[in-house]
Amino acid sequence: MIRLIVALGNPGSDYHATKHNIAWMFVDSLPLVKAANWKAKFKGEFCEINIKGNKTIVLKPQTYMNLSGESVQPLAAFYKISPQEILVVQDELDLPFGQCHFKMGGGLAGHNGLKSIAACLGTEDFARMRVGIGRPVHGSVSDWVLSRFSNNEQIQMDLLFEKLRGPLEDCVLFGIAKASVINKKPLV
């Protein structure tokens, strides 16, 4: 069971609607999160939600992406949450927009947020919800992840987030195997 959902992103209005912040945008769209009481502690903002009787913490580190572990580790230690009970929601370059994969552990694929979390937790053995943002055809990866979504992608965002809610809930309640049934299927 998942007890902590970590949404990766960058704080500040300059980054608000960028591809790197798709995880924040997704968790912010969840009705339970919208109604929650947010607190600032552990170098992040977090709230507690109840998913069908299961208390779950949602964390948005405020450390910038590259230092996310500095928020995740102290919160997990305080609440006695093991790495196997953590789901990190992240942007994923290697998936096209509208596709989502769940996986447990594995490589970090050069994602600096994941690298920071793995370093601070001392393990890569945590679950990931990889939300596709696609790769740039031209230009640098850093410019791409810090760019805004196209008009077409913005139009599809609400539908994508709506379709991701069920698998996220399944992952929290029943584990990563239940949620991973959506792997390799475009959602929008």
# chains A, B, ... in the order shown; residues from 1 in each chain; ligands from 1
call {"tool": "residues_around", "arguments": {"residues": "stretch 53-66 of chain A", "least_positions_apart": "2", "cutoff": "6 Å", "atoms": "only C-alpha atoms", "output": "VMD selection string"}}
result
chain A and resid 3 to 7 9 to 11 43 to 51 68 71 112 to 113
call {"tool": "residues_around", "arguments": {"residues": "A:Cys120", "least_positions_apart": "4", "cutoff": "10 Å", "atoms": "only C-alpha atoms", "output": "ChimeraX atom specification"}}
result
/A:67-74,114-116,124
call {"tool": "atom_distance", "arguments": {"atom1": "atom CA of A:Asp143", "atom2": "atom CA of A:Val188"}}
result
24.2 Å
call {"tool": "residues_around", "arguments": {"residues": "A:Arg148", "least_positions_apart": "3", "cutoff": "8 Å", "atoms": "only C-alpha atoms", "output": "NGL selection string"}}
result
:A and (17-19)
call {"tool": "select_by_dssp", "arguments": {"residues": "stretch 5-102 of chain A", "states": "strand (DSSP E)", "output": "MDAnalysis selection string"}}
result
chainID A and resid 5:7 39:41 44:51 54:61 86:92 100:102
call {"tool": "atom_distance", "arguments": {"atom1": "atom CA of A:Gly110", "atom2": "atom CA of A:Leu93"}}
result
10.0 Å
call {"tool": "closest_residue", "arguments": {"among": "A:Asp170, A:Asp28, A:Asp125, A:Asp14", "to": "A:Leu146", "atoms": "only C-alpha atoms"}}
result
A:Asp14
call {"tool": "closest_residue", "arguments": {"among": "A:Ile133, A:Leu87, A:Leu8, A:Val33", "to": "A:Gln154", "atoms": "only C-alpha atoms"}}
result
A:Ile133
call {"tool": "closest_residue", "arguments": {"among": "A:Pro96, A:His101, A:Leu164, A:Pro136", "to": "A:Ala177", "atoms": "only C-alpha atoms"}}
result
A:His101
